[in-house]
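Below is one structure, written out as structure tokens; comments come after it.
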Amino acid sequence: MANKKNELSIYNSLSGEKEIFKPLKEGFVGLYVCGPTVYSYVHLGNCRTFISFDMVYRYLKHLGYTIRYVRNITDAGHLENDAEEGEDKIAKKARLEQLEPMEIVQQYTINFHETLSKFNNLPPSIEPTATGHIIEQIEMVQKIKDNGFAYESNGSVYFDVEKYNKKNYYGELSKRKIEDLISGTRSLDGQNEKKSPLDFALWKNAKPEHIMKWPSPWSVGFPGWHLECSAMSTKYLGEEFDIHGGGMDLKFPHHECEIAQGTASTGKKPVRYWMHANMLTLNGKKMSKSTGNTLLPNELISGDNDVLEKGYNPIVVRFFMMQAHYRSTLDFSSEALNAAEKGFSRLMDGINILKNLKTSDQSSQDVKDIIDSFYDAMNDDFNTPILIANLFDAVKYIQNVNNGTSTISKQDKELLEKEVNAFTFDILGLTEIQNEQNSSLDKVMELVLKMRQKARDEKDWDTADEIRDVLNDARIEVKDSKEGVTWMTK
RNA sequence: GGUCCUGUGGCCGAGCGGCUAGGCAGAGGUCUGCAAAACCUCGUACAGCGGUUCGAAUCCGCUCGGGACCUCCA
């Protein structure tokens with residue numbers, strides 16, 4: 001499907017339009033995604049962004065690109081808040097819990113990896129940490145300073161936004177004007193070190209009680225909040241690279257600052273295509289750590305929460321997320337998840353039937369058209385909801401072949417199977433859900449169903465139905481079909 | 001307050017000038033001892049009011065709702 005490769009268009013936040021994707025170097029893609037801050041558990045909103053970009057990564061791979069996918073781990077450097085005078089987030093929590101900062105980082109990093117693997121995310125090619133790239137960050141500060149876009153103040157180094165804006169456009173990504181930004185700035189304490197309230201820290205002088213700090217030409221301190229992504233993306237993907245992704249809430253100021261830092265240090269705009277994934281909402285509001293409006297992956301999976309009526313398999317959740325476009329907000333609710341759960345099993349049923357579908361001399365539908373529709377959907381800015389709709393069209397066709405109202409040739413069947421599997425499993429990243437095996441329950445059920453079958457053979461419907469009803473109350477569903485009796489836990 | 005996004009049938013969610021997705025729920029049917037499941041068939045909805053147009057859910061204006069960013073956040 002190499003011909004489809006040149007038809008991918010991506011919505012570029014920088015231009016505000018869909019653009020045909022052309023990598024800097026034919027056949028290769030550099031992809032950078034802002035990763036998590038590992039000072040607490042990732043919540044589902046975080047997960048949505050990473051799942052969205054996992055899908056992007058998977059589709060680019062499917063198109064045959066060689067991709068270097070870099071996603072950082074922020075284990076230092078983010079400020080707690082202004083009142084804390086620039087205290088490092090990780091250090092703050094460490095003191096509260098009497099743990100080493102790196103102990104916390106380790107704990108939450110492991111949790112992050114475990115969580116994403118439950119959602120069947122592929123690992124990135126490189127997952128660099130901020131603390132592992134202090135030298136690169138110091139070098140970048142120095143470069144920006146040498147180029148005249150930063151100044152030192154009390155051992156801290158700040159980016160000079162107004163100076164940068166004279167020849168560049170600070171605000172080009174978030175579509176803001178510097179005048180509006182200045183007028184909208186609140187006057188806060190502790191900003192007297194800065195020439196302008198818009199200036200942001202590249203390097204912060206650390207207070208004595210600060211735990212995570214490193215020596216630098218300016219002070220013993222720690223890097224600014226936006227610097228790590230610039231330093232690490234430059235190191236691993238180059239001064240200019242293809243795609244930078246992240247959550248919508250990082251657009252300003254984080255990504256705006258990254259553009260400024262990159263441009264100020266190298267003279268080149270660092271990113272060709274900016275992609276932003278939209279927020280996951282809960283009760284109509286953005287999921288957020290700070291407001292407490294969150295749901296953790298484990299709470300979702302176990303059902304141990306006040307928001308949803310039961311637990312959901314992470315793959316069902318992934319499917320649910322894929323039913324919405326990555327640039328739209330998506331609201332979490334039991335009703336919506338229940339619908340996704342049923343839809344998902346319908347899709348899986350279709351795929352299973354396809355495996356052993358009987359073939360005829362010719363096909364009653366144009367299978368190539370169906371497959372083209374998959375590519376067209378994905379090539380239109382990764383439109384997974386349309387892709388899923390088209391997959392359901394394919395399922396309907398498969399069911400019709402299965403019940404004899406349509407036909408498919410052997411060749412088409414093999415083609416369809418290959419592509420449906422590719423889009424469902426490789427690209428959407430879904431997997432078949434295995435029912436957990438419970439051997440003692442299996443044995444009991446074998447016996448119970450044997451007894452029920454005996455009753456049925458004797459046309460003792462009362463007994464047969466009673467067994468079925470009691471099992472149903474115990475959340476075990478019994479289904480009689482021509483092929484025999486099956487059961488499943490609900 | 002500033003900047004921007006958004007409002008689609010009972011629910012979720014695509015589409016973004018004409019051909020009017022998809023899933024769930026609901027209705028009818030096939031199958032079945034009955035049921036369930038499964039499968040098939042069925043839905044003309046686009047916040048309100050104006051305007052542009054041969055034609056608008058889709059463009060423009062206003063009104064009313066919801067949300068994001070402007071402060072750490074995916």
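Following the order of the structure tokens, chains are lettered A, B, ..., residues in each are numbered from 1, and ligands are numbered from 1.
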Compile the residues of chain B that lie within 10 Å of chain A, evaluated using only C-alpha atoms (C1' of nucleotides), and express the compilation as number ranges by chain. B: 1-6, 11-15, 21-25, 31-40, 66-74
As an MDAnalysis selection string, please: every residue in region 312-478 of chain A that a backbone DSSP assignment puts in strand (DSSP E or B). chainID A and resid 330:332 360 380 409 476:478
Could you give me the residues within region 163-286 of chain A that DSSP places in helix (DSSP H, G or I), as a PyMOL selection string? chain A and resi 163-167+178-183+227-237+248-266
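Coordinates place CA of Ser265 (chain A) at a distance of 22.6 Å from CA of Ile73 (chain A).
Take the candidates A:Glu299, A:Asp75, A:Asp366, A:Glu17 and check each one against Trp274 (chain A) using only C-alpha atoms; the shortest distance goes to A:Glu17.
Restricting the calculation to only C-alpha atoms, the smallest distance between Lys166 (chain A) and any of A:Ala264, A:Val470, A:Lys204, A:Met212 is found for A:Ala264.
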